[in-house]
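Text of upload.txt (compact mmCIF, C-alpha atoms) as supplied:
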# COMPACT_ATOMS: atom_id res chain seq x y z
CA MET A 27 171.03 121.24 50.29
CA SER A 28 170.48 118.09 48.28
CA ARG A 29 173.42 115.97 47.32
CA ARG A 30 172.78 116.50 43.60
CA LEU A 31 172.70 120.30 43.94
CA ARG A 32 175.90 120.20 45.99
CA LEU A 33 177.71 118.17 43.32
CA ALA A 34 176.40 120.51 40.60
CA LEU A 35 177.81 123.48 42.50
CA LEU A 36 181.06 121.66 43.29
CA ALA A 37 182.16 121.03 39.69
CA PRO A 38 182.31 124.68 38.51
CA ALA A 39 183.75 125.75 41.88
CA LEU A 40 186.63 123.27 41.63
CA LEU A 41 187.22 124.18 37.97
CA GLY A 42 187.36 127.87 38.89
CA LEU A 43 189.70 127.22 41.81
CA GLY A 44 191.90 125.04 39.58
CA GLY A 45 192.08 127.88 37.06
CA LEU A 46 193.10 130.33 39.77
CA PHE A 47 195.77 127.88 40.97
CA ALA A 48 197.15 127.56 37.43
CA TRP A 49 197.25 131.36 37.13
CA ALA A 50 199.04 131.66 40.50
CA ILE A 51 201.56 128.92 39.69
CA ALA A 52 202.38 130.59 36.35
CA GLY A 53 203.44 133.67 38.33
CA LEU A 54 205.63 131.83 40.83
CA PRO A 55 209.42 131.65 40.51
CA LYS A 56 210.57 128.34 39.07
CA PHE A 57 210.99 125.40 41.45
CA GLY A 58 214.44 125.72 43.03
CA ASP A 59 214.78 129.42 42.21
CA TYR A 60 214.61 130.50 45.85
CA ARG A 61 214.57 134.28 46.34
CA GLY A 62 213.67 135.01 49.97
CA PRO A 63 216.49 136.16 52.20
CA TYR A 64 215.41 134.44 55.44
CA GLY A 65 216.49 130.92 54.57
CA TYR A 66 219.97 132.05 53.59
CA VAL A 67 220.25 134.31 56.65
CA LEU A 68 219.23 131.56 59.08
CA ASN A 69 221.44 128.95 57.44
CA GLN A 70 224.41 131.32 57.87
CA MET A 71 223.55 132.56 61.38
CA VAL A 72 221.98 129.78 63.46
CA VAL A 73 224.98 127.44 63.67
CA PRO A 74 227.56 130.15 64.56
CA LEU A 75 225.18 131.94 66.95
CA ARG A 76 223.36 129.03 68.63
CA HIS A 77 225.56 125.99 67.92
CA SER A 78 222.46 124.04 66.87
CA THR A 79 223.49 122.06 63.77
CA ASN A 80 219.86 121.25 62.95
CA VAL A 81 218.85 124.70 61.72
CA VAL A 82 215.17 123.72 61.49
CA MET A 83 215.07 123.00 65.24
CA GLY A 84 217.21 126.08 65.93
CA THR A 85 214.55 128.07 64.07
CA THR A 86 211.68 126.28 65.79
CA PHE A 87 212.90 126.59 69.37
CA ASP A 88 214.94 129.79 69.26
CA VAL A 89 214.36 132.15 66.36
CA ARG A 90 210.60 131.55 66.48
CA GLY A 91 210.38 130.01 69.96
CA LEU A 92 207.31 132.05 70.84
CA ASP A 93 205.40 130.61 67.86
CA THR A 94 206.31 127.11 68.95
CA MET A 95 204.91 127.85 72.41
CA GLY A 96 201.65 128.77 70.70
CA GLU A 97 201.87 125.55 68.69
CA GLU A 98 202.28 123.54 71.87
CA PHE A 99 199.19 125.17 73.29
CA ILE A 100 197.24 124.39 70.10
CA LEU A 101 197.95 120.74 70.88
CA TYR A 102 197.00 121.28 74.51
CA ALA A 103 193.72 122.99 73.58
CA ALA A 104 192.86 120.18 71.17
CA VAL A 105 193.41 117.54 73.86
CA VAL A 106 191.16 119.49 76.22
CA GLY A 107 188.57 119.80 73.44
CA VAL A 108 188.58 116.08 72.62
CA THR A 109 188.39 115.23 76.33
CA LEU A 110 185.38 117.48 76.82
CA LEU A 111 183.65 116.20 73.67
CA LEU A 112 184.11 112.55 74.48
CA ARG A 113 183.60 112.66 78.23
CA ASP A 114 180.60 110.52 78.98
CA GLU A 115 179.17 112.04 82.15
CA SER A 116 176.49 109.45 82.63
CA GLY A 117 178.93 106.56 82.81
CA ALA A 118 176.65 104.68 80.43
CA GLY A 119 178.43 102.33 78.07
CA ARG A 120 181.05 101.67 80.69
CA VAL A 121 181.55 97.94 80.91
CA GLU A 122 183.76 95.72 82.95
CA ARG A 123 186.74 95.14 80.71
CA ARG A 124 188.22 91.70 80.57
CA THR A 125 191.80 91.04 79.75
CA ARG A 126 192.06 90.30 76.07
CA ARG A 127 195.48 89.43 74.73
CA ALA A 128 196.42 89.25 71.09
CA ARG A 129 196.01 85.60 70.20
CA SER A 130 198.72 85.22 67.57
CA ASP A 131 202.26 84.68 68.85
CA THR A 132 203.61 86.27 65.66
CA VAL A 133 201.67 89.47 66.28
CA ARG A 134 202.85 89.60 69.86
CA LEU A 135 206.51 88.87 69.05
CA ILE A 136 206.71 91.44 66.26
CA GLY A 137 204.78 93.90 68.41
CA VAL A 138 207.16 93.57 71.34
CA LEU A 139 210.13 94.08 69.00
CA MET A 140 208.40 97.14 67.53
CA ILE A 141 207.91 98.64 70.99
CA GLY A 142 211.64 98.38 71.73
CA VAL A 143 212.74 99.70 68.36
CA GLY A 144 210.08 102.43 68.42
CA LEU A 145 211.07 103.67 71.87
CA LEU A 146 214.76 103.73 70.89
CA VAL A 147 214.10 105.59 67.64
CA GLY A 148 211.80 108.02 69.44
CA LEU A 149 214.33 108.75 72.18
CA TRP A 150 217.08 109.18 69.58
CA LEU A 151 214.93 111.60 67.54
CA VAL A 152 214.24 113.63 70.68
CA ALA A 153 217.72 113.55 72.24
CA PHE A 154 219.60 114.48 69.05
CA GLY A 155 216.79 116.72 67.77
CA TYR A 156 218.91 119.87 67.62
CA ILE A 157 221.90 118.06 66.06
CA THR A 158 220.58 115.68 63.41
CA PRO A 159 217.11 115.40 61.80
CA GLY A 160 214.42 114.94 64.44
CA GLY A 161 213.19 117.02 67.35
CA GLY A 162 210.65 117.02 70.13
CA PHE A 163 207.57 117.00 67.93
CA PRO A 164 208.30 114.05 65.59
CA GLY A 165 210.15 112.19 68.36
CA GLY A 166 207.21 112.59 70.72
CA VAL A 167 204.81 111.15 68.16
CA VAL A 168 207.09 108.13 67.58
CA LEU A 169 207.34 107.54 71.36
CA ALA A 170 203.55 107.70 71.77
CA GLY A 171 203.12 105.37 68.80
CA ALA A 172 205.54 102.84 70.29
CA ILE A 173 203.63 102.91 73.56
CA LEU A 174 200.33 102.43 71.71
CA VAL A 175 201.69 99.19 70.21
CA LEU A 176 201.67 97.89 73.80
CA TYR A 177 197.89 98.17 73.67
CA LEU A 178 197.84 96.08 70.52
CA VAL A 179 200.00 93.24 71.79
CA GLY A 180 199.42 93.43 75.54
CA SER A 181 196.32 93.45 77.66
CA HIS A 182 194.19 96.30 78.93
CA ARG A 183 196.01 95.93 82.23
CA ASP A 184 199.46 96.34 80.64
CA TYR A 185 198.33 99.53 78.97
CA ALA A 186 196.41 100.90 81.97
CA PRO A 187 199.09 103.37 83.20
CA PHE A 188 199.23 104.97 79.75
CA ARG A 189 195.52 105.71 79.63
CA SER A 190 195.14 106.99 83.16
CA GLU A 191 194.56 110.75 83.19
CA HIS A 192 195.79 110.96 86.78
CA ALA A 193 199.14 109.51 85.73
CA LEU A 194 199.41 111.53 82.49
CA ASP A 195 198.18 114.98 83.49
CA PRO A 196 201.25 115.96 85.60
CA PHE A 197 203.51 115.13 82.65
CA GLU A 198 201.40 117.18 80.25
CA GLY A 199 201.70 120.04 82.75
CA LEU A 200 205.46 119.50 82.95
CA GLY A 201 205.80 119.60 79.16
CA ALA A 202 203.62 122.63 78.49
CA GLY A 203 204.63 124.41 81.71
CA GLY A 204 208.33 123.66 81.32
CA TYR A 205 208.37 125.54 78.03
CA VAL A 206 206.70 128.60 79.57
CA ILE A 207 208.92 128.49 82.67
CA THR A 208 212.05 128.43 80.49
CA GLY A 209 210.71 131.56 78.83
CA LEU A 210 209.82 133.20 82.13
CA ALA A 211 213.23 132.37 83.63
CA ALA A 212 214.76 134.68 81.03
CA LEU A 213 212.28 137.41 82.00
CA ALA A 214 213.17 136.97 85.68
CA LEU A 215 216.82 137.57 84.78
CA GLY A 216 215.86 140.82 83.10
CA LEU A 217 216.19 139.43 79.56
CA GLN A 218 213.56 139.10 76.86
CA PHE A 219 211.05 136.24 77.03
CA LEU A 220 212.58 132.94 75.82
CA THR A 221 216.08 134.40 75.49
CA ASN A 222 218.51 131.50 75.14
CA LEU A 223 219.95 131.30 78.66
CA PHE A 224 222.79 128.83 78.69
CA GLY A 225 226.18 128.56 77.15
CA TYR A 226 225.95 127.29 73.60
CA GLY A 227 228.47 124.47 74.07
CA LYS A 228 230.22 122.67 71.24
CA ALA A 229 228.18 122.46 68.03
CA GLY A 230 227.29 118.90 67.02
CA THR A 231 227.36 117.47 70.56
CA LEU A 232 224.51 116.86 72.99
CA LEU A 233 225.85 119.70 75.15
CA SER A 234 225.07 122.43 72.65
CA ALA A 235 222.42 124.97 71.70
CA GLY A 236 221.62 126.18 75.27
CA SER A 237 217.89 126.50 76.01
CA ILE A 238 216.99 124.79 72.73
CA GLY A 239 217.72 121.41 74.35
CA ILE A 240 215.41 122.13 77.27
CA LEU A 241 212.60 123.44 75.07
CA ASN A 242 213.07 120.41 72.82
CA ALA A 243 212.70 118.04 75.78
CA ALA A 244 209.69 119.96 77.13
CA SER A 245 207.89 119.71 73.80
CA ALA A 246 208.79 116.03 73.47
CA ILE A 247 207.10 115.35 76.83
CA ALA A 248 204.11 117.54 75.95
CA VAL A 249 203.64 115.87 72.53
CA THR A 250 204.06 112.30 73.82
CA VAL A 251 201.58 112.81 76.64
CA ALA A 252 199.13 114.77 74.49
CA MET A 253 199.06 111.87 72.01
CA LEU A 254 198.60 109.33 74.83
CA LEU A 255 195.75 111.42 76.26
CA LEU A 256 194.08 111.53 72.82
CA PHE A 257 194.47 107.75 72.43
CA ALA A 258 193.10 107.28 75.95
CA GLU A 259 189.96 109.31 75.24
CA PHE A 260 189.24 107.44 72.00
CA LEU A 261 189.92 104.05 73.58
CA GLU A 262 187.65 104.93 76.48
CA THR A 263 184.79 105.87 74.17
CA TYR A 264 185.20 103.62 71.24
CA VAL A 265 186.77 100.37 72.33
CA ALA A 266 184.96 100.10 75.64
CA PRO A 267 182.04 97.78 74.87
CA LEU A 268 183.42 94.35 74.06
CA GLU A 269 181.56 92.23 71.55
CA PRO A 270 179.74 89.37 73.32
CA GLU A 271 181.96 86.72 71.77
CA ASP A 272 185.08 88.51 72.99
CA VAL A 273 184.05 88.41 76.62
CA GLY A 274 185.76 85.60 78.41
CA SER A 275 188.23 84.87 75.65
CA MET B 16 209.35 119.79 35.61
CA SER B 17 210.04 123.20 37.11
CA TYR B 18 206.40 123.75 38.08
CA LEU B 19 205.47 120.15 38.86
CA PRO B 20 205.70 120.40 42.71
CA TYR B 21 203.32 123.37 42.71
CA ALA B 22 200.94 121.52 40.41
CA VAL B 23 201.02 118.52 42.79
CA ALA B 24 200.10 120.85 45.68
CA ALA B 25 197.21 122.34 43.69
CA TRP B 26 196.01 118.85 42.68
CA LEU B 27 196.10 117.57 46.29
CA CYS B 28 194.11 120.58 47.42
CA LEU B 29 191.44 120.08 44.73
CA VAL B 30 190.99 116.31 45.12
CA GLY B 31 190.85 116.73 48.90
CA LEU B 32 188.10 119.34 48.59
CA ALA B 33 186.21 117.16 46.12
CA GLY B 34 186.45 114.31 48.63
CA VAL B 35 185.16 116.48 51.47
CA ALA B 36 182.19 117.68 49.43
CA THR B 37 181.19 114.25 48.15
CA SER B 38 181.95 112.27 51.31
CA ARG B 39 179.34 109.91 52.71
CA ASN B 40 181.25 109.14 55.88
CA LEU B 41 182.62 111.55 58.49
CA ILE B 42 185.81 109.49 58.97
CA HIS B 43 186.41 109.52 55.21
CA LEU B 44 185.75 113.27 55.33
CA ALA B 45 188.44 113.73 57.99
CA ILE B 46 190.96 111.85 55.82
CA CYS B 47 190.01 113.97 52.77
CA LEU B 48 190.64 117.09 54.83
CA THR B 49 194.09 115.70 55.67
CA VAL B 50 194.75 115.30 51.93
CA THR B 51 193.77 118.93 51.37
CA GLN B 52 196.04 120.01 54.21
CA SER B 53 198.90 117.92 52.79
CA SER B 54 198.88 120.24 49.79
CA SER B 55 200.12 123.00 52.09
CA TYR B 56 203.12 120.84 53.12
CA VAL B 57 204.03 120.24 49.49
CA LEU B 58 203.62 123.93 48.66
CA LEU B 59 205.66 125.15 51.66
CA LEU B 60 208.51 122.72 51.03
CA SER B 61 208.54 123.46 47.27
CA VAL B 62 208.68 127.21 47.83
CA GLY B 63 211.72 126.81 50.08
CA TYR B 64 213.68 124.53 47.76
CA VAL B 65 217.01 125.87 46.52
CA GLU B 66 218.48 124.33 43.38
CA HIS B 67 220.99 121.63 44.47
CA GLY B 68 220.37 122.61 48.11
CA LYS B 69 221.00 120.16 50.95
CA ALA B 70 218.87 119.73 54.08
CA PRO B 71 219.51 122.62 56.50
CA ILE B 72 221.33 120.37 58.95
CA PHE B 73 225.01 121.19 59.13
CA LYS B 74 226.19 117.97 60.67
CA GLY B 75 228.48 116.18 58.24
CA ILE B 76 228.28 118.89 55.58
CA PRO B 77 230.37 122.07 55.55
CA LEU B 78 228.81 125.10 57.20
CA HIS B 79 228.65 127.21 54.07
CA SER B 80 227.12 124.66 51.70
CA THR B 81 223.92 125.63 49.91
CA ALA B 82 220.91 124.46 51.91
CA VAL B 83 217.15 124.81 51.51
CA ASP B 84 215.05 127.26 53.53
CA PRO B 85 214.63 126.10 57.17
CA VAL B 86 211.79 128.56 57.84
CA VAL B 87 209.27 126.77 55.64
CA GLN B 88 210.35 123.45 57.14
CA ALA B 89 209.63 124.77 60.65
CA LEU B 90 206.27 126.05 59.36
CA THR B 91 205.50 122.63 57.90
CA LEU B 92 206.11 121.17 61.37
CA THR B 93 203.47 123.52 62.79
CA ASP B 94 201.20 122.61 59.90
CA VAL B 95 201.48 118.88 60.66
CA VAL B 96 200.67 119.46 64.33
CA VAL B 97 197.60 121.50 63.43
CA SER B 98 196.52 118.82 60.95
CA VAL B 99 196.78 116.09 63.60
CA VAL B 100 194.74 117.97 66.18
CA VAL B 101 192.09 118.97 63.64
CA VAL B 102 191.68 115.31 62.65
CA ALA B 103 191.45 114.35 66.34
CA LEU B 104 188.70 116.93 66.92
CA ILE B 105 186.77 115.90 63.80
CA LEU B 106 186.93 112.24 64.82
CA ALA B 107 185.70 113.16 68.30
CA LEU B 108 182.81 115.07 66.74
CA ALA B 109 182.13 112.11 64.44
CA LEU B 110 181.89 109.83 67.48
CA ASP B 111 179.47 112.26 69.11
CA ALA B 112 177.42 112.52 65.92
CA HIS B 113 177.25 108.72 65.76
CA ARG B 114 176.17 108.57 69.38
CA LEU B 115 173.39 111.13 68.82
CA SER B 116 172.10 110.19 65.38
CA GLY B 117 173.33 106.63 64.84
CA THR B 118 175.04 107.44 61.54
CA VAL B 119 178.32 108.89 60.27
CA ASP B 120 176.86 109.93 56.91
CA PRO B 121 176.85 113.77 56.84
CA ASP B 122 173.63 113.75 54.79
CA GLY B 123 171.98 111.38 57.27
CA ILE B 124 172.89 113.65 60.17
CA ALA B 125 171.41 116.63 58.32
CA ASP B 126 168.13 114.72 58.00
CA VAL B 127 167.97 114.03 61.71
CA SER B 128 168.43 117.66 62.72
CA GLY B 129 165.87 118.77 60.12
Take the structure in the file and give it back as structure tokens.
Amino acid sequence: MSRRLRLALLAPALLGLGGLFAWAIAGLPKFGDYRGPYGYVLNQMVVPLRHSTNVVMGTTFDVRGLDTMGEEFILYAAVVGVTLLLRDESGAGRVERRTRRARSDTVRLIGVLMIGVGLLVGLWLVAFGYITPGGGFPGGVVLAGAILVLYLVGSHRDYAPFRSEHALDPFEGLGAGGYVITGLAALALGLQFLTNLFGYGKAGTLLSAGSIGILNAASAIAVTVAMLLLFAEFLETYVAPLEPEDVGS
Amino acid sequence: MSYLPYAVAAWLCLVGLAGVATSRNLIHLAICLTVTQSSSYVLLLSVGYVEHGKAPIFKGIPLHSTAVDPVVQALTLTDVVVSVVVVALILALALDAHRLSGTVDPDGIADVSG
């Protein structure tokens, strides 16, 4: 299809879709006029029943824990997909990589500070995920991002452990497998899959919410490592050949 | 004002689609798809908003205060994860396309494959 034909078809299609959107929006309840019962029910039930003060995480890891397991495996499948797509069997394009450090002291200083702050924020988001805003998914992404800054300010050698599949794969297994095992442990005890196993503790403290804490930690590990594996695959493929003028610098 | 968040979601969806259809670069296309997908975050969060509702995190606010719907927020989390992995896969495919055809222009790739 030529570009011109595509654009000619696009304009009426978008206009039609926009019209349908306007029609649909006109039929929606006004913004803020919430009618569904589930939000109210969960906001009333999750804290008394599960002692997880962050109701979003209580919902994610308990009320719809099975969905979140599927979500974790979406991430897992995508990492496998990217790995398979980018794997260069021939080994062509593989070059000897020389150490190349960021030249500017300012970049390196700010970068090193960002790594520390990023790791702390990430760990805080994960650890207090079921108490205050945060959780394993956003916290894991922040942790992986902080580690990636090491690549920016350090050398290839500094970053090497975080792009080695041999080092990362067991952790990805621990994250994805830990979630499933927590679910299976409930089955082994004769309960339903992913039943919250532990005492719920005191709401608002780290020792609360039972299995939610474990599932939260498992997803944090799975997300951090999945992100690092994605970065590793792209770095391997894309950054590998150094420009001639970079070699030896 | 009362329909503005929904209109923003619709607008994001439409401009994202327009970007995807007119894109001349696969990386640009991936970003446009992210814009389209962002419309679903805006829509989900708008649908769950309760007038004068607080965030559904009962740390520091009384247990029975009005709070917004946590279900749509959990769904938005799933949505973000899906968006990230879709972008990762598209970028991987873009790299492969560049390796095979030497271009990241979708029209250029179509020419190569006939």
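Among the candidates B:Val62, B:Leu92, B:Ile42, B:Leu104, the residue lying nearest to B:Thr118 is B:Ile42 (atoms considered: all atoms listed in the file).
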Mind dumping a table of every chain B residue within 7 Å of chain A, with the nearest atom pair and its distance in Å to one decimal, using all atoms listed in the file, sorted by chain and rising number, as a tab-separated table?
residue	atom	partner	partner_atom	distance
B:Ser17	CA	A:Phe57	CA	5.0
B:Tyr18	CA	A:Phe57	CA	5.9
B:Tyr21	CA	A:Ile51	CA	6.6
B:Ala25	CA	A:Phe47	CA	6.3
B:Leu29	CA	A:Leu40	CA	6.6
B:Ser61	CA	A:Phe57	CA	6.6
B:Gly63	CA	A:Tyr60	CA	6.3
B:Tyr64	CA	A:Gly58	CA	4.9
B:Val65	CA	A:Gly58	CA	4.3
B:Glu66	CA	A:Gly58	CA	4.3
B:Pro71	CA	A:Val81	CA	5.7
B:Ile72	CA	A:Asn80	CA	4.4
B:Phe73	CA	A:Thr79	CA	5.0
B:Lys74	CA	A:Thr79	CA	5.8
B:Val83	CA	A:Gly65	CA	6.9
B:Asp84	CA	A:Gly65	CA	4.1
B:Pro85	CA	A:Val82	CA	5.0
B:Val86	CA	A:Gly65	CA	6.2
B:Gln88	CA	A:Val82	CA	6.5
B:Ala89	CA	A:Val82	CA	5.7
B:Thr93	CA	A:Glu97	CA	6.4
B:Val100	CA	A:Ala104	CA	5.8
B:Leu104	CA	A:Val108	CA	5.8
B:Ala107	CA	A:Val108	CA	6.0
Would you mind exporting C-alpha atoms of the selected residues as an mmCIF file, in the coordinates of the input?
data_model
loop_
_atom_site.group_PDB
_atom_site.id
_atom_site.type_symbol
_atom_site.label_atom_id
_atom_site.label_comp_id
_atom_site.auth_asym_id
_atom_site.auth_seq_id
_atom_site.Cartn_x
_atom_site.Cartn_y
_atom_site.Cartn_z
ATOM 1 C CA SER B 17 210.040 123.200 37.110
ATOM 2 C CA TYR B 18 206.400 123.750 38.080
ATOM 3 C CA TYR B 21 203.320 123.370 42.710
ATOM 4 C CA ALA B 25 197.210 122.340 43.690
ATOM 5 C CA LEU B 29 191.440 120.080 44.730
ATOM 6 C CA SER B 61 208.540 123.460 47.270
ATOM 7 C CA GLY B 63 211.720 126.810 50.080
ATOM 8 C CA TYR B 64 213.680 124.530 47.760
ATOM 9 C CA VAL B 65 217.010 125.870 46.520
ATOM 10 C CA GLU B 66 218.480 124.330 43.380
ATOM 11 C CA PRO B 71 219.510 122.620 56.500
ATOM 12 C CA ILE B 72 221.330 120.370 58.950
ATOM 13 C CA PHE B 73 225.010 121.190 59.130
ATOM 14 C CA LYS B 74 226.190 117.970 60.670
ATOM 15 C CA VAL B 83 217.150 124.810 51.510
ATOM 16 C CA ASP B 84 215.050 127.260 53.530
ATOM 17 C CA PRO B 85 214.630 126.100 57.170
ATOM 18 C CA VAL B 86 211.790 128.560 57.840
ATOM 19 C CA GLN B 88 210.350 123.450 57.140
ATOM 20 C CA ALA B 89 209.630 124.770 60.650
ATOM 21 C CA THR B 93 203.470 123.520 62.790
ATOM 22 C CA VAL B 100 194.740 117.970 66.180
ATOM 23 C CA LEU B 104 188.700 116.930 66.920
ATOM 24 C CA ALA B 107 185.700 113.160 68.300
#
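Note that atom CA of B:Lys69 and atom CA of B:Thr81 are 6.3 Å apart.
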>> If we count all atoms listed in the file and set the cut-off at 6 Å, which residues sit around B:Asn40, ignoring sequence neighbours fewer than 3 positions away in its own chain? Please answer as a PyMOL selection string.
In response: chain B and resi 43+119-120
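In this comparison, which uses all atoms listed in the file, the residue of A:Pro38, A:Val72, A:Leu135, A:Leu255 approaching A:Ala235 most closely is A:Val72.
For the pair atom CA of A:Thr208 and atom CA of A:Leu220, the separation is 6.5 Å.
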If you count only C-alpha atoms, which residues fall within 7 Å of B:Ser98, apart from same-chain ones fewer than 4 positions away, as a short mmCIF file (atom, residue, chain, number, x, y, z; two decimals) with C-alpha atoms, in the coordinates of the input?
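The result, written out as selection_31.cif:
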data_model
loop_
_atom_site.label_atom_id
_atom_site.label_comp_id
_atom_site.auth_asym_id
_atom_site.auth_seq_id
_atom_site.Cartn_x
_atom_site.Cartn_y
_atom_site.Cartn_z
CA THR B 49 194.09 115.70 55.67
CA GLN B 52 196.04 120.01 54.21
CA ASP B 94 201.20 122.61 59.90
CA VAL B 102 191.68 115.31 62.65
#
> Contacts of B:Pro121 at 8 Å or less, counting only C-alpha atoms, minus same-chain residues fewer than 2 places along, as a ChimeraX atom specification?
Replying inline: /B:38-41,119,123-125
